[in-house]
>>> print(open('structure_17.pdb').read())   # PDB, N, CA, C and O atoms
MODEL        1
ATOM      1  N   MET A   1       0.842  -1.175   0.000
ATOM      2  CA  MET A   1       0.000   0.000   0.000
ATOM      3  C   MET A   1       0.891   1.243   0.000
ATOM      4  O   MET A   1       1.874   1.310   0.726
ATOM      5  N   ASN A   2       0.500   2.208  -0.796
ATOM      6  CA  ASN A   2       1.230   3.470  -0.888
ATOM      7  C   ASN A   2       0.694   4.413   0.192
ATOM      8  O   ASN A   2      -0.378   5.011   0.039
ATOM      9  N   ASN A   3       1.420   4.531   1.301
ATOM     10  CA  ASN A   3       0.943   5.319   2.437
ATOM     11  C   ASN A   3       0.809   6.799   2.104
ATOM     12  O   ASN A   3      -0.117   7.460   2.580
ATOM     13  N   ASN A   4       1.709   7.331   1.282
ATOM     14  CA  ASN A   4       1.611   8.747   0.900
ATOM     15  C   ASN A   4       0.326   9.008   0.114
ATOM     16  O   ASN A   4      -0.350  10.016   0.338
ATOM     17  N   LEU A   5      -0.008   8.115  -0.781
ATOM     18  CA  LEU A   5      -1.233   8.245  -1.561
ATOM     19  C   LEU A   5      -2.455   8.107  -0.659
ATOM     20  O   LEU A   5      -3.434   8.845  -0.797
ATOM     21  N   TYR A   6      -2.384   7.169   0.277
ATOM     22  CA  TYR A   6      -3.483   6.987   1.233
ATOM     23  C   TYR A   6      -3.726   8.283   2.006
ATOM     24  O   TYR A   6      -4.865   8.754   2.107
ATOM     25  N   GLN A   7      -2.668   8.851   2.555
ATOM     26  CA  GLN A   7      -2.801  10.069   3.363
ATOM     27  C   GLN A   7      -3.326  11.240   2.528
ATOM     28  O   GLN A   7      -4.181  12.009   2.994
ATOM     29  N   ALA A   8      -2.831  11.393   1.316
ATOM     30  CA  ALA A   8      -3.276  12.488   0.447
ATOM     31  C   ALA A   8      -4.746  12.328   0.079
ATOM     32  O   ALA A   8      -5.511  13.307   0.098
ATOM     33  N   SER A   9      -5.140  11.117  -0.236
ATOM     34  CA  SER A   9      -6.530  10.852  -0.582
ATOM     35  C   SER A   9      -7.443  11.088   0.614
ATOM     36  O   SER A   9      -8.487  11.742   0.496
ATOM     37  N   LEU A  10      -7.054  10.579   1.755
ATOM     38  CA  LEU A  10      -7.854  10.744   2.973
ATOM     39  C   LEU A  10      -8.033  12.227   3.299
ATOM     40  O   LEU A  10      -9.147  12.681   3.590
ATOM     41  N   LYS A  11      -6.974  12.990   3.215
ATOM     42  CA  LYS A  11      -7.035  14.421   3.504
ATOM     43  C   LYS A  11      -7.956  15.136   2.524
ATOM     44  O   LYS A  11      -8.818  15.929   2.927
ATOM     45  N   ALA A  12      -7.783  14.866   1.235
ATOM     46  CA  ALA A  12      -8.596  15.534   0.219
ATOM     47  C   ALA A  12     -10.077  15.203   0.385
ATOM     48  O   ALA A  12     -10.935  16.089   0.292
ATOM     49  N   LEU A  13     -10.363  13.944   0.629
ATOM     50  CA  LEU A  13     -11.765  13.541   0.761
ATOM     51  C   LEU A  13     -12.410  14.116   2.021
ATOM     52  O   LEU A  13     -13.527  14.647   1.961
ATOM     53  N   THR A  14     -11.735  14.027   3.146
ATOM     54  CA  THR A  14     -12.335  14.533   4.385
ATOM     55  C   THR A  14     -12.469  16.052   4.345
ATOM     56  O   THR A  14     -13.465  16.595   4.834
ATOM     57  N   GLU A  15     -11.515  16.738   3.750
ATOM     58  CA  GLU A  15     -11.626  18.198   3.624
ATOM     59  C   GLU A  15     -12.774  18.595   2.712
ATOM     60  O   GLU A  15     -13.314  19.700   2.825
ATOM     61  N   ALA A  16     -13.185  17.701   1.829
ATOM     62  CA  ALA A  16     -14.310  17.958   0.920
ATOM     63  C   ALA A  16     -15.646  17.547   1.537
ATOM     64  O   ALA A  16     -16.680  17.628   0.879
ATOM     65  N   GLY A  17     -15.612  17.071   2.796
ATOM     66  CA  GLY A  17     -16.852  16.734   3.477
ATOM     67  C   GLY A  17     -17.244  15.272   3.444
ATOM     68  O   GLY A  17     -18.341  14.912   3.872
ATOM     69  N   VAL A  18     -16.377  14.423   2.939
ATOM     70  CA  VAL A  18     -16.658  12.982   2.936
ATOM     71  C   VAL A  18     -16.451  12.465   4.360
ATOM     72  O   VAL A  18     -15.438  12.780   4.986
ATOM     73  N   PRO A  19     -17.423  11.690   4.893
ATOM     74  CA  PRO A  19     -17.251  11.156   6.241
ATOM     75  C   PRO A  19     -15.948  10.350   6.374
ATOM     76  O   PRO A  19     -15.529   9.673   5.435
ATOM     77  N   GLN A  20     -15.336  10.448   7.531
ATOM     78  CA  GLN A  20     -14.032   9.818   7.794
ATOM     79  C   GLN A  20     -14.007   8.343   7.421
ATOM     80  O   GLN A  20     -13.073   7.888   6.773
ATOM     81  N   ASP A  21     -15.007   7.581   7.833
ATOM     82  CA  ASP A  21     -14.991   6.135   7.572
ATOM     83  C   ASP A  21     -15.101   5.830   6.083
ATOM     84  O   ASP A  21     -14.427   4.935   5.570
ATOM     85  N   VAL A  22     -15.915   6.588   5.379
ATOM     86  CA  VAL A  22     -16.073   6.405   3.929
ATOM     87  C   VAL A  22     -14.779   6.797   3.220
ATOM     88  O   VAL A  22     -14.299   6.077   2.330
ATOM     89  N   ALA A  23     -14.199   7.919   3.639
ATOM     90  CA  ALA A  23     -12.949   8.388   3.038
ATOM     91  C   ALA A  23     -11.816   7.405   3.291
ATOM     92  O   ALA A  23     -10.993   7.153   2.399
ATOM     93  N   ALA A  24     -11.761   6.833   4.474
ATOM     94  CA  ALA A  24     -10.694   5.882   4.811
ATOM     95  C   ALA A  24     -10.782   4.629   3.946
ATOM     96  O   ALA A  24      -9.769   4.145   3.436
ATOM     97  N   LYS A  25     -11.988   4.104   3.756
ATOM     98  CA  LYS A  25     -12.162   2.898   2.925
ATOM     99  C   LYS A  25     -11.735   3.168   1.481
ATOM    100  O   LYS A  25     -11.014   2.379   0.878
ATOM    101  N   ALA A  26     -12.202   4.285   0.946
ATOM    102  CA  ALA A  26     -11.862   4.613  -0.441
ATOM    103  C   ALA A  26     -10.372   4.880  -0.593
ATOM    104  O   ALA A  26      -9.758   4.454  -1.573
ATOM    105  N   SER A  27      -9.787   5.543   0.364
ATOM    106  CA  SER A  27      -8.356   5.849   0.301
ATOM    107  C   SER A  27      -7.515   4.587   0.361
ATOM    108  O   SER A  27      -6.477   4.485  -0.301
ATOM    109  N   GLU A  28      -7.968   3.626   1.136
ATOM    110  CA  GLU A  28      -7.267   2.342   1.211
ATOM    111  C   GLU A  28      -7.276   1.652  -0.147
ATOM    112  O   GLU A  28      -6.266   1.102  -0.588
ATOM    113  N   VAL A  29      -8.418   1.700  -0.817
ATOM    114  CA  VAL A  29      -8.536   1.088  -2.144
ATOM    115  C   VAL A  29      -7.586   1.773  -3.124
ATOM    116  O   VAL A  29      -6.817   1.118  -3.829
ATOM    117  N   VAL A  30      -7.637   3.107  -3.158
ATOM    118  CA  VAL A  30      -6.805   3.871  -4.096
ATOM    119  C   VAL A  30      -5.320   3.609  -3.837
ATOM    120  O   VAL A  30      -4.535   3.485  -4.773
ATOM    121  N   ALA A  31      -4.957   3.513  -2.570
ATOM    122  CA  ALA A  31      -3.549   3.298  -2.219
ATOM    123  C   ALA A  31      -3.056   1.908  -2.606
ATOM    124  O   ALA A  31      -1.849   1.682  -2.688
ATOM    125  N   LYS A  32      -3.981   0.973  -2.857
ATOM    126  CA  LYS A  32      -3.603  -0.382  -3.266
ATOM    127  C   LYS A  32      -3.748  -0.605  -4.763
ATOM    128  O   LYS A  32      -3.483  -1.702  -5.251
ATOM    129  N   ASP A  33      -4.197   0.406  -5.507
ATOM    130  CA  ASP A  33      -4.393   0.245  -6.951
ATOM    131  C   ASP A  33      -3.109  -0.243  -7.625
ATOM    132  O   ASP A  33      -2.014   0.201  -7.300
ATOM    133  N   ASP A  34      -3.292  -1.151  -8.565
ATOM    134  CA  ASP A  34      -2.176  -1.699  -9.332
ATOM    135  C   ASP A  34      -2.444  -1.442 -10.814
ATOM    136  O   ASP A  34      -3.317  -2.092 -11.402
ATOM    137  N   PRO A  35      -1.731  -0.501 -11.426
ATOM    138  CA  PRO A  35      -1.995  -0.160 -12.823
ATOM    139  C   PRO A  35      -1.728  -1.304 -13.803
ATOM    140  O   PRO A  35      -2.158  -1.234 -14.957
ATOM    141  N   CYS A  36      -1.067  -2.338 -13.349
ATOM    142  CA  CYS A  36      -0.785  -3.482 -14.219
ATOM    143  C   CYS A  36      -1.937  -4.486 -14.253
ATOM    144  O   CYS A  36      -1.914  -5.419 -15.057
ATOM    145  N   LYS A  37      -2.912  -4.309 -13.382
ATOM    146  CA  LYS A  37      -4.031  -5.250 -13.305
ATOM    147  C   LYS A  37      -5.298  -4.629 -13.895
ATOM    148  O   LYS A  37      -5.474  -3.414 -13.868
ATOM    149  N   GLU A  38      -6.157  -5.515 -14.394
ATOM    150  CA  GLU A  38      -7.447  -5.071 -14.900
ATOM    151  C   GLU A  38      -8.231  -4.403 -13.776
ATOM    152  O   GLU A  38      -8.231  -4.876 -12.638
ATOM    153  N   ASN A  39      -8.887  -3.296 -14.093
ATOM    154  CA  ASN A  39      -9.648  -2.520 -13.107
ATOM    155  C   ASN A  39      -8.797  -2.127 -11.905
ATOM    156  O   ASN A  39      -9.319  -1.986 -10.790
ATOM    157  N   LEU A  40      -7.511  -1.976 -12.150
ATOM    158  CA  LEU A  40      -6.544  -1.587 -11.107
ATOM    159  C   LEU A  40      -6.471  -2.597  -9.975
ATOM    160  O   LEU A  40      -5.954  -2.303  -8.903
ATOM    161  N   GLY A  41      -6.977  -3.797 -10.218
ATOM    162  CA  GLY A  41      -6.962  -4.836  -9.193
ATOM    163  C   GLY A  41      -8.088  -4.699  -8.181
ATOM    164  O   GLY A  41      -8.088  -5.379  -7.159
ATOM    165  N   ARG A  42      -9.042  -3.841  -8.468
ATOM    166  CA  ARG A  42     -10.150  -3.598  -7.538
ATOM    167  C   ARG A  42     -11.213  -4.674  -7.637
ATOM    168  O   ARG A  42     -11.583  -5.107  -8.713
ATOM    169  N   THR A  43     -11.727  -5.050  -6.466
ATOM    170  CA  THR A  43     -12.881  -5.945  -6.416
ATOM    171  C   THR A  43     -14.146  -5.095  -6.583
ATOM    172  O   THR A  43     -14.092  -3.855  -6.542
ATOM    173  N   THR A  44     -15.279  -5.747  -6.728
ATOM    174  CA  THR A  44     -16.551  -5.032  -6.796
ATOM    175  C   THR A  44     -16.765  -4.212  -5.531
ATOM    176  O   THR A  44     -17.197  -3.053  -5.588
ATOM    177  N   GLN A  45     -16.416  -4.791  -4.384
ATOM    178  CA  GLN A  45     -16.568  -4.083  -3.112
ATOM    179  C   GLN A  45     -15.638  -2.876  -3.042
ATOM    180  O   GLN A  45     -16.026  -1.824  -2.520
ATOM    181  N   ASP A  46     -14.428  -3.028  -3.557
ATOM    182  CA  ASP A  46     -13.488  -1.903  -3.606
ATOM    183  C   ASP A  46     -14.083  -0.756  -4.411
ATOM    184  O   ASP A  46     -14.061   0.403  -3.987
ATOM    185  N   GLN A  47     -14.607  -1.088  -5.585
ATOM    186  CA  GLN A  47     -15.158  -0.052  -6.457
ATOM    187  C   GLN A  47     -16.362   0.608  -5.812
ATOM    188  O   GLN A  47     -16.561   1.821  -5.938
ATOM    189  N   GLN A  48     -17.170  -0.168  -5.109
ATOM    190  CA  GLN A  48     -18.323   0.404  -4.410
ATOM    191  C   GLN A  48     -17.883   1.403  -3.348
ATOM    192  O   GLN A  48     -18.520   2.447  -3.165
ATOM    193  N   ALA A  49     -16.797   1.111  -2.652
ATOM    194  CA  ALA A  49     -16.278   2.025  -1.629
ATOM    195  C   ALA A  49     -15.833   3.337  -2.270
ATOM    196  O   ALA A  49     -16.106   4.425  -1.741
ATOM    197  N   VAL A  50     -15.162   3.249  -3.403
ATOM    198  CA  VAL A  50     -14.722   4.450  -4.109
ATOM    199  C   VAL A  50     -15.935   5.229  -4.630
ATOM    200  O   VAL A  50     -15.998   6.463  -4.499
ATOM    201  N   ASN A  51     -16.903   4.518  -5.179
ATOM    202  CA  ASN A  51     -18.108   5.181  -5.694
ATOM    203  C   ASN A  51     -18.846   5.923  -4.589
ATOM    204  O   ASN A  51     -19.323   7.043  -4.796
ATOM    205  N   GLU A  52     -18.952   5.308  -3.419
ATOM    206  CA  GLU A  52     -19.626   5.956  -2.298
ATOM    207  C   GLU A  52     -18.901   7.238  -1.906
ATOM    208  O   GLU A  52     -19.526   8.276  -1.671
ATOM    209  N   ALA A  53     -17.582   7.180  -1.841
ATOM    210  CA  ALA A  53     -16.804   8.372  -1.502
ATOM    211  C   ALA A  53     -17.004   9.460  -2.549
ATOM    212  O   ALA A  53     -17.139  10.645  -2.214
ATOM    213  N   MET A  54     -17.038   9.077  -3.819
ATOM    214  CA  MET A  54     -17.221  10.065  -4.881
ATOM    215  C   MET A  54     -18.614  10.680  -4.831
ATOM    216  O   MET A  54     -18.785  11.871  -5.115
ATOM    217  N   ASP A  55     -19.617   9.898  -4.443
ATOM    218  CA  ASP A  55     -20.962  10.450  -4.277
ATOM    219  C   ASP A  55     -20.959  11.535  -3.204
ATOM    220  O   ASP A  55     -21.519  12.616  -3.391
ATOM    221  N   TRP A  56     -20.330  11.255  -2.070
ATOM    222  CA  TRP A  56     -20.208  12.247  -1.004
ATOM    223  C   TRP A  56     -19.411  13.458  -1.485
ATOM    224  O   TRP A  56     -19.769  14.597  -1.194
ATOM    225  N   TYR A  57     -18.327  13.209  -2.195
ATOM    226  CA  TYR A  57     -17.477  14.288  -2.707
ATOM    227  C   TYR A  57     -18.272  15.229  -3.601
ATOM    228  O   TYR A  57     -18.188  16.450  -3.477
ATOM    229  N   ARG A  58     -19.066  14.657  -4.498
ATOM    230  CA  ARG A  58     -19.874  15.480  -5.423
ATOM    231  C   ARG A  58     -20.898  16.302  -4.668
ATOM    232  O   ARG A  58     -21.190  17.435  -5.044
ATOM    233  N   ARG A  59     -21.473  15.743  -3.616
ATOM    234  CA  ARG A  59     -22.448  16.492  -2.808
ATOM    235  C   ARG A  59     -21.817  17.727  -2.193
ATOM    236  O   ARG A  59     -22.449  18.778  -2.114
ATOM    237  N   GLY A  60     -20.586  17.575  -1.745
ATOM    238  CA  GLY A  60     -19.905  18.687  -1.090
ATOM    239  C   GLY A  60     -19.312  19.696  -2.055
ATOM    240  O   GLY A  60     -19.027  20.831  -1.681
ATOM    241  N   ASN A  61     -19.101  19.274  -3.301
ATOM    242  CA  ASN A  61     -18.440  20.145  -4.288
ATOM    243  C   ASN A  61     -19.282  20.371  -5.541
ATOM    244  O   ASN A  61     -18.749  20.781  -6.560
ATOM    245  N   GLY A  62     -20.549  20.064  -5.448
ATOM    246  CA  GLY A  62     -21.380  20.129  -6.653
ATOM    247  C   GLY A  62     -22.108  21.372  -6.883
ATOM    248  O   GLY A  62     -22.111  22.432  -6.529
TER     249      GLY A  62
ENDMDL
END
>>> encode(input="structure_17.pdb", output="structure tokens")
Amino acid sequence: MNNNLYQASLKALTEAGVPQDVAAKASEVVAKDDPCKENLGRTTQDQQAVNEAMDWYRRGNG
């Protein structure tokens, strides 16, 4: 896991109004992304966590 990416993602999401727990889950997924794998190596559950965070993000920045 890329800890720097995790921290940057968590900070950006929480500052945009995404709840801490939602932001943490999505940030964990992003920090584990593997560009060499299909869908960045994300499971369906991983993608759902990112989608939920993006929904919150859009609400706060829309």
>>> closest_residue(input="structure_17.pdb", among="A:Ala53, A:Gly41, A:Gln7, A:Asn2", to="A:Val22", atoms="only N, CA, C and O atoms")
A:Ala53
>>> select_by_dssp(input="structure_17.pdb", residues="chain A", states="alpha helix (DSSP H)", output="ChimeraX atom specification")
/A:3-15,20-32,44-61
>>> closest_residue(input="structure_17.pdb", among="A:Leu13, A:Met1, A:Asp34, A:Glu28", to="A:Asp46", atoms="all atoms listed in the file")
A:Glu28
>>> residues_around(input="structure_17.pdb", residues="A:Ser27", least_positions_apart="5", cutoff="6 Å", atoms="all atoms listed in the file", output="PyMOL selection string")
chain A and resi 5-6+9-10+22+32
>>> atom_distance(input="structure_17.pdb", atom1="atom O of A:Gly17", atom2="atom O of A:Trp56")
5.3 Å
>>> atom_distance(input="structure_17.pdb", atom1="atom CA of A:Gln47", atom2="atom CA of A:Asp21")
15.3 Å
>>> atom_distance(input="structure_17.pdb", atom1="atom CA of A:Glu52", atom2="atom CA of A:Glu15")
15.8 Å
>>> closest_residue(input="structure_17.pdb", among="A:Pro19, A:Val30, A:Asn4, A:Lys11", to="A:Asp55", atoms="only C-alpha atoms")
A:Pro19
>>> closest_residue(input="structure_17.pdb", among="A:Ala49, A:Thr44, A:Lys37, A:Ala8", to="A:Lys25", atoms="all atoms listed in the file")
A:Ala49
>>> decode(input="structure_17.pdb", residues="stretch 24-35 of chain A", atoms="all heavy atoms", output="CSV table (one decimal), in the first residue's frame")
chain,number,residue,atom,x,y,z
A,24,ALA,N,-11.8,6.8,4.5
A,24,ALA,CA,-10.7,5.9,4.8
A,24,ALA,C,-10.8,4.6,3.9
A,24,ALA,O,-9.8,4.1,3.4
A,24,ALA,CB,-10.8,5.5,6.3
A,25,LYS,N,-12.0,4.1,3.8
A,25,LYS,CA,-12.2,2.9,2.9
A,25,LYS,C,-11.7,3.2,1.5
A,25,LYS,O,-11.0,2.4,0.9
A,25,LYS,CB,-13.6,2.4,3.0
A,25,LYS,CG,-14.0,1.8,4.2
A,25,LYS,CD,-15.5,1.4,4.2
A,25,LYS,CE,-16.0,1.0,5.5
A,25,LYS,NZ,-17.5,0.7,5.5
A,26,ALA,N,-12.2,4.3,0.9
A,26,ALA,CA,-11.9,4.6,-0.4
A,26,ALA,C,-10.4,4.9,-0.6
A,26,ALA,O,-9.8,4.5,-1.6
A,26,ALA,CB,-12.7,5.8,-0.9
A,27,SER,N,-9.8,5.5,0.4
A,27,SER,CA,-8.4,5.8,0.3
A,27,SER,C,-7.5,4.6,0.4
A,27,SER,O,-6.5,4.5,-0.3
A,27,SER,CB,-8.0,6.8,1.4
A,27,SER,OG,-8.6,8.0,1.3
A,28,GLU,N,-8.0,3.6,1.1
A,28,GLU,CA,-7.3,2.3,1.2
A,28,GLU,C,-7.3,1.7,-0.1
A,28,GLU,O,-6.3,1.1,-0.6
A,28,GLU,CB,-7.9,1.5,2.3
A,28,GLU,CG,-7.1,0.4,2.8
A,28,GLU,CD,-7.7,-0.3,4.0
A,28,GLU,OE1,-8.1,0.3,5.0
A,28,GLU,OE2,-7.9,-1.6,3.9
A,29,VAL,N,-8.4,1.7,-0.8
A,29,VAL,CA,-8.5,1.1,-2.1
A,29,VAL,C,-7.6,1.8,-3.1
A,29,VAL,O,-6.8,1.1,-3.8
A,29,VAL,CB,-10.0,1.2,-2.7
A,29,VAL,CG1,-10.1,0.7,-4.1
A,29,VAL,CG2,-10.9,0.3,-1.8
A,30,VAL,N,-7.6,3.1,-3.2
A,30,VAL,CA,-6.8,3.9,-4.1
A,30,VAL,C,-5.3,3.6,-3.8
A,30,VAL,O,-4.5,3.5,-4.8
A,30,VAL,CB,-7.1,5.4,-4.0
A,30,VAL,CG1,-6.2,6.2,-4.8
A,30,VAL,CG2,-8.6,5.6,-4.5
A,31,ALA,N,-5.0,3.5,-2.6
A,31,ALA,CA,-3.5,3.3,-2.2
A,31,ALA,C,-3.1,1.9,-2.6
A,31,ALA,O,-1.8,1.7,-2.7
A,31,ALA,CB,-3.3,3.5,-0.7
A,32,LYS,N,-4.0,1.0,-2.9
A,32,LYS,CA,-3.6,-0.4,-3.3
A,32,LYS,C,-3.7,-0.6,-4.8
A,32,LYS,O,-3.5,-1.7,-5.3
A,32,LYS,CB,-4.5,-1.4,-2.5
A,32,LYS,CG,-4.3,-1.5,-1.0
A,32,LYS,CD,-5.0,-2.6,-0.4
A,32,LYS,CE,-6.5,-2.6,-0.8
A,32,LYS,NZ,-7.3,-3.7,-0.3
A,33,ASP,N,-4.2,0.4,-5.5
A,33,ASP,CA,-4.4,0.2,-7.0
A,33,ASP,C,-3.1,-0.2,-7.6
A,33,ASP,O,-2.0,0.2,-7.3
A,33,ASP,CB,-4.8,1.6,-7.6
A,33,ASP,CG,-6.3,1.9,-7.4
A,33,ASP,OD1,-7.0,1.0,-7.0
A,33,ASP,OD2,-6.7,3.0,-7.7
A,34,ASP,N,-3.3,-1.2,-8.6
A,34,ASP,CA,-2.2,-1.7,-9.3
A,34,ASP,C,-2.4,-1.4,-10.8
A,34,ASP,O,-3.3,-2.1,-11.4
A,34,ASP,CB,-2.0,-3.2,-9.1
A,34,ASP,CG,-0.9,-3.8,-9.8
A,34,ASP,OD1,-0.3,-3.2,-10.7
A,34,ASP,OD2,-0.5,-5.0,-9.4
A,35,PRO,N,-1.7,-0.5,-11.4
A,35,PRO,CA,-2.0,-0.2,-12.8
A,35,PRO,C,-1.7,-1.3,-13.8
A,35,PRO,O,-2.2,-1.2,-15.0
A,35,PRO,CB,-1.1,1.0,-13.1
A,35,PRO,CG,0.0,0.9,-12.1
A,35,PRO,CD,-0.6,0.3,-10.9
